[in-house]
Amino acid sequence: MKKFTPTLLVLFTLIGVLIGIYISSNRHQTILITAPGANKVDELMQLVHYNYVDSLSMEDIMEKTMPKILSELDPHSQYIPAKDLEATNADLASSFSGIGIRFTIQEDTVNVSDVIRGGPSEQVGLMAGDCIVKVNDTLFVGDVCTEENAMKKLKGPKGTKVKLSVKRYGEKDLLHFNIVRGDIPLESIEAAYIIDNKWGYVQVERFAEQTFTEFIIAVAKLLQNNCKGLIVDLRGNGGGYMSVALQMANEFLKRGDVIVYTEGVNSPRNIDYANGRGNLQDIPLVLLTDEISASASEILAGTIQDNDRGTIIGRRTFGKGLVQQPFEFKDGSTVRLTIARYYTPSGRCIQKPYTKGDDEEYAMDIINRYERGEFFSQDSIHQNDSLVYKTSIGRTVYGGGGIMPDIFVPGDSAKYTPYITTVVNKRLLTAFTFKYSKENRSKLAGFKRYQDIVTYMKENSAVEEFIKFAAEKGVELPAEQAVKSRKMLVEPLNANIIYNILGMLEHVKYINLTDETVLKAVEVLNEGKAFPAMPTDTINSDN
C-alpha cells in the first residue's frame, strides 16, 4: 500500500481544495423567503436591502425605479414624486398662490412682462417693464436667476410676504415693494371676440378646472353681440381634464349623440352621451387644430367630426388616445396609470403608434412629421388604410394617428428668411421688443387698441431700430435678404409689442388678421359650409 501514498495524498488534497472553493462560494447564499404572492421585484428589493455591500437608501432606489417601470408600459403612464405634484397640477388648477405677475428672464434678470389685473403686485404698484434684482434683500441676478428658481421665490402660500427690489426704467434708485401673496386666477380663455361683426372666435388654451365656466361666459357675451357662428381655436392646446371636454362637447350635440367611450382590459366599456340640454346645438361651428392639439382637444374635435356637427380646419392633431387615472400613495406621490383607451363615436382610437420603453422615439414624432413635410403638404400625411371608419353621415375618417382635419391648412414654409431665423433663434426679437416696450411705455400706455400701436411702430421706424439692435448683437442683415426680411419683421415686432402693452386679446386680434387657418374658418362660415356636406353616395341611397 505504501506505493500508492503520494497519489492518494494528491487526490485528497485536490478534493479538499474543491470542497473549500465550493464552501467559500456558497457560504453567503441565501434562500429568499418572501410573503405569499410576492414577485421578483419584491424579492430583489429585499435581497439588496439585507445583503448589499454598502449602505444605501431604499427609498431613493424606489423613487428612481418607479418611473423606469412605468416607462415600459406606454408613453403616458407617469410617476410623480410628492415634491413635484403641485407644480405638475398647477396648469390645470383654477388658481395658484403667488404675487400675480408674468415674467421672462432677460440678461440673467427677472423682467416683469405683465402684471395680473387685481393681483397683489398691481395693488402695490409693480409695473410691466420692472426688473427684479433683489428678493428679500438678497441679490437675484446672474447664474442663480433661472425660471425654476424665480418661481420658487415668487410663489408661496397665501398670506405670506415677499420683499422685491426692482429697477424701473427712468428711475435712478431701486424701488422696494412688500407684497402679500394671494390667490391668482389662471384663465384658460384669454381671447374671445367677434370677427366681421358676426363670427365669434374663442381661443381655448387648456382644459382646466374652470375652462367650461369660462367658455360658457365667453360665448354668452359673444351671442349678446350678434354672434352667428363660432370658431373654437384648439391649436396649441395639449389637453387637460377629459370631463371638461365632455361638458363642452355636450353643448353642441343632440340628445343621445355619443361623445366618447373608453375601454380597457380591466375597464369595462363606458359610453358618454349628450343629454340634449346644450345651448349651442344649432350654431354653425368650426374647430381649429394643429399638431399640439392633444388628448381632451382631440376628444372634442373627434366627437364634432364623427357626429358631423362642425368642420375641423388646420393640421393633424397629436394622437393621444390613452386615459390616465391617478393613484395616490401614502407619502403624497402619485402614479398616473393608463387604464383605458378612448374612442370617438365612429369607433376609432386616435392614439398614434408607440414602442413600449422607447420614449425618445415617441417624443421625436413631432419632429419627424415636420421633417417629412407634413406641416406643409397634405400629401405627406400617411393615414392607416386599415383603420377606416365612417361618420354619422358616411364620411371616411381614419384612426391610429390623431384627428385629420376636414380642411387642411399648411404652415407657411416661406415665413422666414435665414436672417429672420437667426434673430428668432437668438431671441433677439424677444429681447428687443421687451426693451422697446420698457423704454417707450409712457407713450404706448395710452393706446387701447392694436391699431394704435401698429401706427406708432410704423411712424417711429421700429423695424430699422431692430436691425440696428441686431447688428450690435452681431447679426447683420445681408443685402440680398433686406427687402424680404424688412417686410417679415413688421408682424412679429408689432405682435410682441402689442402683447407687452395691451395683453393677449389685442395680440390675438392682430395676428389673426393674417392667420390663414382663421381666414379659412371665416370663409367656411361665410359660405354656410360649417356643417359638412352630405356625401354623394349617402344622398343617392336616400332617393
# chains A, B, ... in the order shown; residues from 1 in each chain; ligands from 1
$ residues_around --residues "Asp308 of chain A" --least-positions-apart "2" --cutoff "9 Å" --atoms "only C-alpha atoms" --output "VMD selection string"
chain A and resid 303 to 306 310 to 311 391 to 393 395 531 to 533
$ residues_around --residues "Trp199 of chain A" --least-positions-apart "5" --cutoff "10 Å" --atoms "only C-alpha atoms" --output "MDAnalysis selection string"
chainID A and resid 193:194 222:223 225:231 284:285 521:522 525:526
$ residues_around --residues "segment 113-119 of chain A" --least-positions-apart "3" --cutoff "12 Å" --atoms "only C-alpha atoms" --output "CSV table (one decimal) with all heavy atoms, in the first residue's frame"
chain,number,residue,atom,x,y,z
A,95,SER,N,-56.5,78.3,-10.0
A,95,SER,CA,-55.7,79.4,-9.4
A,95,SER,C,-54.5,78.9,-8.7
A,95,SER,O,-54.3,77.7,-8.5
A,95,SER,CB,-56.5,80.2,-8.4
A,95,SER,OG,-56.8,79.4,-7.2
A,96,PHE,N,-53.5,79.8,-8.4
A,96,PHE,CA,-52.4,79.4,-7.6
A,96,PHE,C,-52.1,80.6,-6.7
A,96,PHE,O,-52.6,81.7,-6.9
A,96,PHE,CB,-51.2,79.1,-8.5
A,96,PHE,CG,-50.6,80.3,-9.3
A,96,PHE,CD1,-49.6,81.0,-8.7
A,96,PHE,CD2,-51.1,80.6,-10.5
A,96,PHE,CE1,-49.1,82.1,-9.4
A,96,PHE,CE2,-50.7,81.7,-11.2
A,96,PHE,CZ,-49.6,82.5,-10.6
A,97,SER,N,-51.2,80.3,-5.8
A,97,SER,CA,-50.9,81.4,-4.8
A,97,SER,C,-49.5,82.0,-5.2
A,97,SER,O,-48.5,81.3,-5.3
A,97,SER,CB,-50.8,80.8,-3.4
A,97,SER,OG,-50.7,81.9,-2.4
A,98,GLY,N,-49.5,83.3,-5.3
A,98,GLY,CA,-48.3,84.0,-5.7
A,98,GLY,C,-48.4,85.5,-5.7
A,98,GLY,O,-49.3,86.0,-5.0
A,99,ILE,N,-47.6,86.2,-6.4
A,99,ILE,CA,-47.6,87.7,-6.4
A,99,ILE,C,-48.4,88.3,-7.6
A,99,ILE,O,-48.7,89.5,-7.6
A,99,ILE,CB,-46.2,88.3,-6.3
A,99,ILE,CG1,-45.4,88.0,-7.6
A,99,ILE,CG2,-45.5,87.7,-5.1
A,99,ILE,CD1,-44.1,88.7,-7.6
A,100,GLY,N,-48.7,87.5,-8.6
A,100,GLY,CA,-49.5,87.9,-9.7
A,100,GLY,C,-48.8,88.7,-10.8
A,100,GLY,O,-49.2,89.8,-11.1
A,101,ILE,N,-47.7,88.1,-11.3
A,101,ILE,CA,-47.0,88.6,-12.5
A,101,ILE,C,-46.7,87.5,-13.5
A,101,ILE,O,-46.7,86.3,-13.1
A,101,ILE,CB,-45.7,89.3,-12.1
A,101,ILE,CG1,-44.7,88.3,-11.5
A,101,ILE,CG2,-45.9,90.5,-11.1
A,101,ILE,CD1,-43.3,88.8,-11.4
A,102,ARG,N,-46.5,87.9,-14.7
A,102,ARG,CA,-45.9,87.1,-15.7
A,102,ARG,C,-44.5,87.7,-16.0
A,102,ARG,O,-44.3,88.9,-15.9
A,102,ARG,CB,-46.7,87.0,-17.0
A,102,ARG,CG,-48.0,86.4,-16.9
A,102,ARG,CD,-48.7,86.2,-18.2
A,102,ARG,NE,-50.0,85.6,-18.1
A,102,ARG,CZ,-51.2,86.2,-18.0
A,102,ARG,NH1,-51.2,87.5,-17.9
A,102,ARG,NH2,-52.3,85.5,-17.9
A,103,PHE,N,-43.5,86.8,-16.2
A,103,PHE,CA,-42.2,87.4,-16.3
A,103,PHE,C,-41.4,86.6,-17.4
A,103,PHE,O,-41.7,85.4,-17.7
A,103,PHE,CB,-41.4,87.3,-15.0
A,103,PHE,CG,-41.2,86.0,-14.5
A,103,PHE,CD1,-40.0,85.2,-14.8
A,103,PHE,CD2,-42.1,85.4,-13.6
A,103,PHE,CE1,-39.8,84.0,-14.3
A,103,PHE,CE2,-41.8,84.1,-13.1
A,103,PHE,CZ,-40.7,83.4,-13.4
A,104,THR,N,-40.3,87.2,-17.8
A,104,THR,CA,-39.3,86.5,-18.7
A,104,THR,C,-37.9,86.7,-18.0
A,104,THR,O,-37.7,87.6,-17.3
A,104,THR,CB,-39.3,87.0,-20.1
A,104,THR,OG1,-38.9,88.4,-20.1
A,104,THR,CG2,-40.7,86.8,-20.7
A,105,ILE,N,-37.0,85.8,-18.4
A,105,ILE,CA,-35.6,86.0,-18.0
A,105,ILE,C,-34.9,86.7,-19.1
A,105,ILE,O,-34.7,86.1,-20.2
A,105,ILE,CB,-34.9,84.7,-17.6
A,105,ILE,CG1,-35.8,83.9,-16.5
A,105,ILE,CG2,-33.5,84.9,-17.1
A,105,ILE,CD1,-35.9,84.6,-15.2
A,106,GLN,N,-34.4,87.9,-18.9
A,106,GLN,CA,-33.6,88.6,-19.9
A,106,GLN,C,-32.3,89.1,-19.3
A,106,GLN,O,-32.3,89.7,-18.3
A,106,GLN,CB,-34.4,89.8,-20.4
A,106,GLN,CG,-35.8,89.5,-21.1
A,106,GLN,CD,-35.6,88.9,-22.5
A,106,GLN,OE1,-34.6,89.1,-23.1
A,106,GLN,NE2,-36.6,88.2,-22.9
A,110,VAL,N,-34.9,88.8,-13.8
A,110,VAL,CA,-36.3,88.7,-14.0
A,110,VAL,C,-36.9,90.0,-14.5
A,110,VAL,O,-36.8,91.0,-13.8
A,110,VAL,CB,-36.9,88.3,-12.6
A,110,VAL,CG1,-38.5,88.2,-12.7
A,110,VAL,CG2,-36.4,86.9,-12.2
A,122,GLU,N,-50.2,94.3,-8.6
A,122,GLU,CA,-50.8,95.5,-9.1
A,122,GLU,C,-51.2,96.4,-8.0
A,122,GLU,O,-51.1,97.7,-8.1
A,122,GLU,CB,-52.1,95.2,-10.0
A,122,GLU,CG,-52.7,96.4,-10.6
A,122,GLU,CD,-54.0,96.1,-11.3
A,122,GLU,OE1,-54.9,95.5,-10.6
A,122,GLU,OE2,-54.2,96.4,-12.4
A,123,GLN,N,-51.7,95.8,-6.9
A,123,GLN,CA,-52.2,96.6,-5.7
A,123,GLN,C,-51.0,97.4,-5.1
A,123,GLN,O,-51.3,98.5,-4.6
A,123,GLN,CB,-52.8,95.7,-4.7
A,123,GLN,CG,-54.1,95.0,-5.2
A,123,GLN,CD,-54.6,93.9,-4.2
A,123,GLN,OE1,-54.1,93.8,-3.1
A,123,GLN,NE2,-55.5,93.1,-4.7
A,124,VAL,N,-49.8,97.0,-5.2
A,124,VAL,CA,-48.7,97.7,-4.5
A,124,VAL,C,-48.0,98.6,-5.5
A,124,VAL,O,-47.1,99.4,-5.2
A,124,VAL,CB,-47.7,96.8,-3.8
A,124,VAL,CG1,-48.4,96.0,-2.7
A,124,VAL,CG2,-47.0,95.9,-4.8
A,125,GLY,N,-48.3,98.5,-6.8
A,125,GLY,CA,-47.7,99.4,-7.8
A,125,GLY,C,-46.6,98.8,-8.7
A,125,GLY,O,-45.9,99.6,-9.4
A,126,LEU,N,-46.4,97.5,-8.6
A,126,LEU,CA,-45.4,96.9,-9.5
A,126,LEU,C,-45.9,97.1,-11.0
A,126,LEU,O,-47.1,97.0,-11.2
A,126,LEU,CB,-45.2,95.4,-9.2
A,126,LEU,CG,-43.9,94.7,-9.6
A,126,LEU,CD1,-42.8,95.3,-8.9
A,126,LEU,CD2,-44.0,93.2,-9.4
A,127,MET,N,-45.0,97.3,-11.9
A,127,MET,CA,-45.4,97.6,-13.3
A,127,MET,C,-44.7,96.6,-14.3
A,127,MET,O,-43.6,96.2,-14.0
A,127,MET,CB,-45.1,99.0,-13.6
A,127,MET,CG,-45.9,100.0,-12.8
A,127,MET,SD,-45.3,101.7,-13.2
A,127,MET,CE,-45.6,101.8,-15.0
A,128,ALA,N,-45.4,96.4,-15.4
A,128,ALA,CA,-44.7,95.7,-16.5
A,128,ALA,C,-43.5,96.5,-16.9
A,128,ALA,O,-43.6,97.7,-17.0
A,128,ALA,CB,-45.7,95.5,-17.7
A,129,GLY,N,-42.4,95.8,-17.2
A,129,GLY,CA,-41.1,96.5,-17.5
A,129,GLY,C,-40.2,96.6,-16.3
A,129,GLY,O,-39.0,96.8,-16.5
A,130,ASP,N,-40.7,96.4,-15.1
A,130,ASP,CA,-39.8,96.4,-14.0
A,130,ASP,C,-38.8,95.2,-14.0
A,130,ASP,O,-39.2,94.1,-14.4
A,130,ASP,CB,-40.6,96.4,-12.7
A,130,ASP,CG,-41.3,97.7,-12.4
A,130,ASP,OD1,-40.9,98.7,-13.0
A,130,ASP,OD2,-42.2,97.7,-11.5
A,131,CYS,N,-37.6,95.4,-13.5
A,131,CYS,CA,-36.6,94.3,-13.4
A,131,CYS,C,-36.4,94.0,-12.0
A,131,CYS,O,-36.0,94.9,-11.2
A,131,CYS,CB,-35.3,94.8,-14.1
A,131,CYS,SG,-35.5,95.1,-15.8
A,132,ILE,N,-36.7,92.8,-11.6
A,132,ILE,CA,-36.5,92.4,-10.2
A,132,ILE,C,-35.0,92.0,-10.0
A,132,ILE,O,-34.5,91.1,-10.6
A,132,ILE,CB,-37.4,91.2,-9.8
A,132,ILE,CG1,-38.9,91.6,-10.0
A,132,ILE,CG2,-37.1,90.7,-8.4
A,132,ILE,CD1,-39.8,90.4,-9.9
A,158,LYS,N,-50.6,81.5,0.4
A,158,LYS,CA,-51.4,82.7,0.5
A,158,LYS,C,-51.2,83.3,1.9
A,158,LYS,O,-51.2,82.6,2.9
A,158,LYS,CB,-52.9,82.3,0.3
A,158,LYS,CG,-53.8,83.5,0.4
A,158,LYS,CD,-55.3,83.0,0.2
A,158,LYS,CE,-56.2,84.2,0.3
A,158,LYS,NZ,-57.6,83.7,0.1
A,179,ILE,N,-44.9,92.7,-0.8
A,179,ILE,CA,-46.1,92.1,-1.4
A,179,ILE,C,-46.6,90.9,-0.6
A,179,ILE,O,-45.8,90.0,-0.2
A,179,ILE,CB,-45.8,91.6,-2.8
A,179,ILE,CG1,-45.2,92.8,-3.6
A,179,ILE,CG2,-47.0,91.0,-3.5
A,179,ILE,CD1,-44.7,92.4,-5.0
A,180,VAL,N,-47.9,90.9,-0.3
A,180,VAL,CA,-48.5,89.8,0.4
A,180,VAL,C,-49.1,88.8,-0.7
A,180,VAL,O,-49.9,89.2,-1.5
A,180,VAL,CB,-49.6,90.2,1.3
A,180,VAL,CG1,-50.3,89.0,2.0
A,180,VAL,CG2,-49.1,91.2,2.4
A,181,ARG,N,-48.6,87.6,-0.7
A,181,ARG,CA,-49.1,86.7,-1.8
A,181,ARG,C,-50.6,86.4,-1.6
A,181,ARG,O,-51.1,86.3,-0.5
A,181,ARG,CB,-48.3,85.3,-1.7
A,181,ARG,CG,-46.8,85.5,-2.0
A,181,ARG,CD,-46.1,84.1,-1.9
A,181,ARG,NE,-44.7,84.2,-2.2
A,181,ARG,CZ,-43.7,84.3,-1.3
A,181,ARG,NH1,-44.0,84.3,0.0
A,181,ARG,NH2,-42.5,84.3,-1.7
A,182,GLY,N,-51.2,86.2,-2.8
A,182,GLY,CA,-52.6,85.9,-2.7
A,182,GLY,C,-53.0,84.9,-3.8
A,182,GLY,O,-52.1,84.4,-4.6
A,183,ASP,N,-54.3,84.5,-3.9
A,183,ASP,CA,-54.7,83.6,-5.0
A,183,ASP,C,-54.8,84.3,-6.3
A,183,ASP,O,-55.4,85.4,-6.5
A,183,ASP,CB,-56.1,83.1,-4.7
A,183,ASP,CG,-56.1,82.1,-3.5
A,183,ASP,OD1,-55.1,81.5,-3.2
A,183,ASP,OD2,-57.2,82.1,-2.8
A,184,ILE,N,-54.1,83.7,-7.3
A,184,ILE,CA,-54.0,84.3,-8.7
A,184,ILE,C,-54.8,83.4,-9.6
A,184,ILE,O,-54.5,82.2,-9.8
A,184,ILE,CB,-52.6,84.4,-9.2
A,184,ILE,CG1,-51.7,85.0,-8.1
A,184,ILE,CG2,-52.5,85.1,-10.5
A,184,ILE,CD1,-52.1,86.4,-7.7
A,185,PRO,N,-55.9,84.0,-10.3
A,185,PRO,CA,-56.7,83.1,-11.2
A,185,PRO,C,-55.8,82.8,-12.4
A,185,PRO,O,-55.0,83.5,-12.9
A,185,PRO,CB,-57.8,84.1,-11.6
A,185,PRO,CG,-57.3,85.4,-11.3
A,185,PRO,CD,-56.3,85.3,-10.2
A,186,LEU,N,-56.1,81.5,-12.9
A,186,LEU,CA,-55.4,81.1,-14.1
A,186,LEU,C,-56.5,80.9,-15.2
A,186,LEU,O,-57.4,80.0,-15.1
A,186,LEU,CB,-54.8,79.7,-13.9
A,186,LEU,CG,-53.4,79.7,-13.3
A,186,LEU,CD1,-52.9,78.2,-13.1
A,186,LEU,CD2,-52.4,80.4,-14.2
A,187,GLU,N,-56.5,81.8,-16.1
A,187,GLU,CA,-57.5,81.8,-17.2
A,187,GLU,C,-57.1,80.8,-18.3
A,187,GLU,O,-55.9,80.9,-18.7
A,187,GLU,CB,-57.8,83.2,-17.7
A,187,GLU,CG,-58.4,84.1,-16.7
A,187,GLU,CD,-58.7,85.5,-17.3
A,187,GLU,OE1,-58.2,85.8,-18.4
A,187,GLU,OE2,-59.4,86.2,-16.6
A,430,THR,N,-37.4,88.9,-29.1
A,430,THR,CA,-37.9,89.0,-27.8
A,430,THR,C,-37.2,90.1,-27.0
A,430,THR,O,-37.8,90.9,-26.3
A,430,THR,CB,-37.9,87.6,-27.1
A,430,THR,OG1,-38.6,86.7,-27.9
A,430,THR,CG2,-38.5,87.7,-25.7
A,431,ALA,N,-35.9,90.0,-27.0
A,431,ALA,CA,-35.1,91.0,-26.2
A,431,ALA,C,-35.4,92.4,-26.7
A,431,ALA,O,-35.5,93.3,-25.8
A,431,ALA,CB,-33.6,90.6,-26.3
A,433,THR,N,-38.0,93.7,-28.3
A,433,THR,CA,-39.4,94.2,-28.1
A,433,THR,C,-39.6,94.4,-26.6
A,433,THR,O,-40.4,95.3,-26.2
A,433,THR,CB,-40.4,93.2,-28.6
A,433,THR,OG1,-40.1,91.9,-28.2
A,433,THR,CG2,-40.4,93.2,-30.2
A,434,PHE,N,-39.0,93.6,-25.7
A,434,PHE,CA,-39.1,93.9,-24.3
A,434,PHE,C,-38.5,95.2,-24.0
A,434,PHE,O,-39.0,96.1,-23.2
A,434,PHE,CB,-38.5,92.8,-23.5
A,434,PHE,CG,-38.9,92.8,-22.0
A,434,PHE,CD1,-40.1,92.2,-21.6
A,434,PHE,CD2,-38.1,93.5,-21.1
A,434,PHE,CE1,-40.4,92.3,-20.3
A,434,PHE,CE2,-38.5,93.6,-19.8
A,434,PHE,CZ,-39.7,93.0,-19.4
A,435,LYS,N,-37.3,95.4,-24.5
A,435,LYS,CA,-36.5,96.7,-24.2
A,435,LYS,C,-37.3,97.9,-24.8
A,435,LYS,O,-37.4,98.9,-24.2
A,435,LYS,CB,-35.2,96.6,-24.9
A,435,LYS,CG,-34.3,97.8,-24.8
A,435,LYS,CD,-32.9,97.5,-25.4
A,435,LYS,CE,-32.0,98.7,-25.4
A,435,LYS,NZ,-32.4,99.8,-26.4
A,437,SER,N,-40.5,98.1,-25.4
A,437,SER,CA,-41.7,98.3,-24.6
A,437,SER,C,-41.4,99.1,-23.3
A,437,SER,O,-42.1,100.0,-22.9
A,437,SER,CB,-42.4,97.0,-24.2
A,437,SER,OG,-42.8,96.3,-25.4
A,438,LYS,N,-40.3,98.7,-22.7
A,438,LYS,CA,-39.9,99.3,-21.4
A,438,LYS,C,-39.5,100.8,-21.6
A,438,LYS,O,-40.0,101.7,-20.9
A,438,LYS,CB,-38.7,98.5,-20.8
A,438,LYS,CG,-38.3,99.0,-19.5
A,438,LYS,CD,-37.4,98.0,-18.8
A,438,LYS,CE,-36.2,97.6,-19.6
A,438,LYS,NZ,-35.3,96.7,-18.9
A,441,ARG,N,-42.8,102.9,-22.8
A,441,ARG,CA,-44.1,102.5,-22.1
A,441,ARG,C,-44.9,103.8,-21.8
A,441,ARG,O,-46.1,103.7,-21.9
A,441,ARG,CB,-43.8,101.7,-20.8
A,441,ARG,CG,-45.1,101.1,-20.2
A,441,ARG,CD,-44.7,100.2,-19.1
A,441,ARG,NE,-44.0,99.0,-19.6
A,441,ARG,CZ,-44.6,97.9,-20.1
A,441,ARG,NH1,-45.9,97.9,-20.2
A,441,ARG,NH2,-43.9,96.9,-20.5
A,496,ASN,N,-45.4,91.3,-30.7
A,496,ASN,CA,-44.7,91.3,-29.4
A,496,ASN,C,-45.0,92.6,-28.6
A,496,ASN,O,-45.3,92.5,-27.4
A,496,ASN,CB,-43.2,91.1,-29.5
A,496,ASN,CG,-42.9,89.7,-29.8
A,496,ASN,OD1,-43.7,88.8,-30.1
A,496,ASN,ND2,-41.6,89.4,-29.8
A,497,ILE,N,-44.9,93.7,-29.2
A,497,ILE,CA,-45.2,95.0,-28.6
A,497,ILE,C,-46.6,95.1,-28.1
A,497,ILE,O,-47.0,95.5,-27.0
A,497,ILE,CB,-44.9,96.2,-29.5
A,497,ILE,CG1,-43.4,96.2,-29.8
A,497,ILE,CG2,-45.2,97.5,-28.8
A,497,ILE,CD1,-42.4,96.4,-28.7
A,498,ILE,N,-47.6,94.6,-29.0
A,498,ILE,CA,-49.0,94.7,-28.6
A,498,ILE,C,-49.2,93.8,-27.4
A,498,ILE,O,-50.0,94.2,-26.5
A,498,ILE,CB,-49.8,94.2,-29.8
A,498,ILE,CG1,-49.8,95.2,-30.9
A,498,ILE,CG2,-51.3,93.9,-29.4
A,498,ILE,CD1,-50.3,94.8,-32.3
A,499,TYR,N,-48.6,92.6,-27.4
A,499,TYR,CA,-48.8,91.7,-26.2
A,499,TYR,C,-48.2,92.4,-25.0
A,499,TYR,O,-48.9,92.4,-23.9
A,499,TYR,CB,-48.1,90.4,-26.5
A,499,TYR,CG,-48.2,89.5,-25.3
A,499,TYR,CD1,-49.3,88.8,-25.0
A,499,TYR,CD2,-47.1,89.3,-24.4
A,499,TYR,CE1,-49.4,87.9,-23.9
A,499,TYR,CE2,-47.2,88.5,-23.3
A,499,TYR,CZ,-48.3,87.8,-23.0
A,499,TYR,OH,-48.4,87.0,-21.9
A,500,ASN,N,-47.0,92.9,-25.1
A,500,ASN,CA,-46.4,93.6,-23.9
A,500,ASN,C,-47.2,94.7,-23.3
A,500,ASN,O,-47.2,94.9,-22.1
A,500,ASN,CB,-45.0,94.1,-24.3
A,500,ASN,CG,-44.0,92.9,-24.5
A,500,ASN,OD1,-44.2,91.8,-24.1
A,500,ASN,ND2,-42.9,93.2,-25.2
A,501,ILE,N,-47.8,95.5,-24.2
A,501,ILE,CA,-48.5,96.7,-23.7
A,501,ILE,C,-50.0,96.4,-23.5
A,501,ILE,O,-50.6,96.9,-22.5
A,501,ILE,CB,-48.4,97.8,-24.8
A,501,ILE,CG1,-46.9,98.1,-25.0
A,501,ILE,CG2,-49.1,99.1,-24.3
A,501,ILE,CD1,-46.1,98.6,-23.7
A,502,LEU,N,-50.7,95.7,-24.4
A,502,LEU,CA,-52.1,95.6,-24.3
A,502,LEU,C,-52.6,94.2,-23.9
A,502,LEU,O,-53.8,94.0,-23.6
A,502,LEU,CB,-52.8,95.9,-25.7
A,502,LEU,CG,-52.5,97.3,-26.2
A,502,LEU,CD1,-53.1,97.5,-27.6
A,502,LEU,CD2,-53.0,98.4,-25.2
A,503,GLY,N,-51.8,93.2,-23.9
A,503,GLY,CA,-52.2,91.9,-23.4
A,503,GLY,C,-52.6,90.9,-24.5
A,503,GLY,O,-52.5,91.2,-25.7
A,504,MET,N,-53.1,89.8,-24.1
A,504,MET,CA,-53.3,88.7,-25.0
A,504,MET,C,-54.5,88.9,-26.0
A,504,MET,O,-54.3,88.6,-27.2
A,504,MET,CB,-53.7,87.4,-24.3
A,504,MET,CG,-53.9,86.2,-25.1
A,504,MET,SD,-52.5,85.7,-26.1
A,504,MET,CE,-51.5,84.8,-24.8
$ atom_distance --atom1 "atom CA of Phe376 of chain A" --atom2 "atom CA of Ala191 of chain A"
26.6 Å
$ select_by_dssp --residues "segment 203-421 of chain A" --states "helix (DSSP H, G or I)" --output "PyMOL selection string"
chain A and resi 211-224+242-250+296-306+359-363+365-372+378-380+418-421
$ residues_around --residues "Glu491 of chain A" --least-positions-apart "4" --cutoff "9 Å" --atoms "only C-alpha atoms" --output "short mmCIF file (atom, residue, chain, number, x, y, z; two decimals) with C-alpha atoms, in the first residue's frame"
data_model
loop_
_atom_site.label_atom_id
_atom_site.label_comp_id
_atom_site.auth_asym_id
_atom_site.auth_seq_id
_atom_site.Cartn_x
_atom_site.Cartn_y
_atom_site.Cartn_z
CA LYS A 487 -41.44 93.03 -44.60
CA ALA A 495 -47.29 91.39 -32.23
CA ASN A 496 -44.75 91.31 -29.39
CA TYR A 510 -53.75 91.34 -34.56
CA ILE A 511 -52.10 88.03 -35.50
#
$ residues_around --residues "segment 264-281 of chain A" --least-positions-apart "2" --cutoff "10 Å" --atoms "only C-alpha atoms" --output "number ranges by chain"
A: 216, 219-220, 229-230, 246-262, 283-285, 309, 322-323, 338-343, 345
$ residues_around --residues "segment 412-422 of chain A" --least-positions-apart "4" --cutoff "12 Å" --atoms "only C-alpha atoms" --output "ChimeraX atom specification"
/A:370-371,373-377,426-429,466-467,470-471,473-493,514-517
$ select_by_dssp --residues "segment 293-432 of chain A" --states "strand (DSSP E or B)" --output "JSON, numbers by chain"
{"A": [311, 312, 313, 314, 322, 323, 324, 325, 326, 327, 328, 334, 335, 336, 337, 338, 339, 340, 341, 342, 343, 388, 389, 390, 396, 397, 398, 407, 408]}
$ residues_around --residues "Asn136 of chain A" --least-positions-apart "4" --cutoff "7 Å" --atoms "only C-alpha atoms" --output "list of chain:residue names"
A:Val162, A:Lys163, A:Leu164
$ closest_residue --among "A:Arg336, A:Lys448, A:Lys468, A:Arg316" --to "Gln383 of chain A" --atoms "only C-alpha atoms"
A:Arg316
$ closest_residue --among "A:Thr334, A:Asn494, A:Thr160, A:Gln351" --to "Asp84 of chain A" --atoms "only C-alpha atoms"
A:Thr334
$ closest_residue --among "A:Glu205, A:Glu148, A:Glu506, A:Asp74" --to "Glu361 of chain A" --atoms "only C-alpha atoms"
A:Asp74
$ atom_distance --atom1 "atom CA of Val232 of chain A" --atom2 "atom CA of Met404 of chain A"
16.4 Å
$ closest_residue --among "A:Asp233, A:Asp54, A:Glu214, A:Glu439" --to "Ile292 of chain A" --atoms "only C-alpha atoms"
A:Asp233
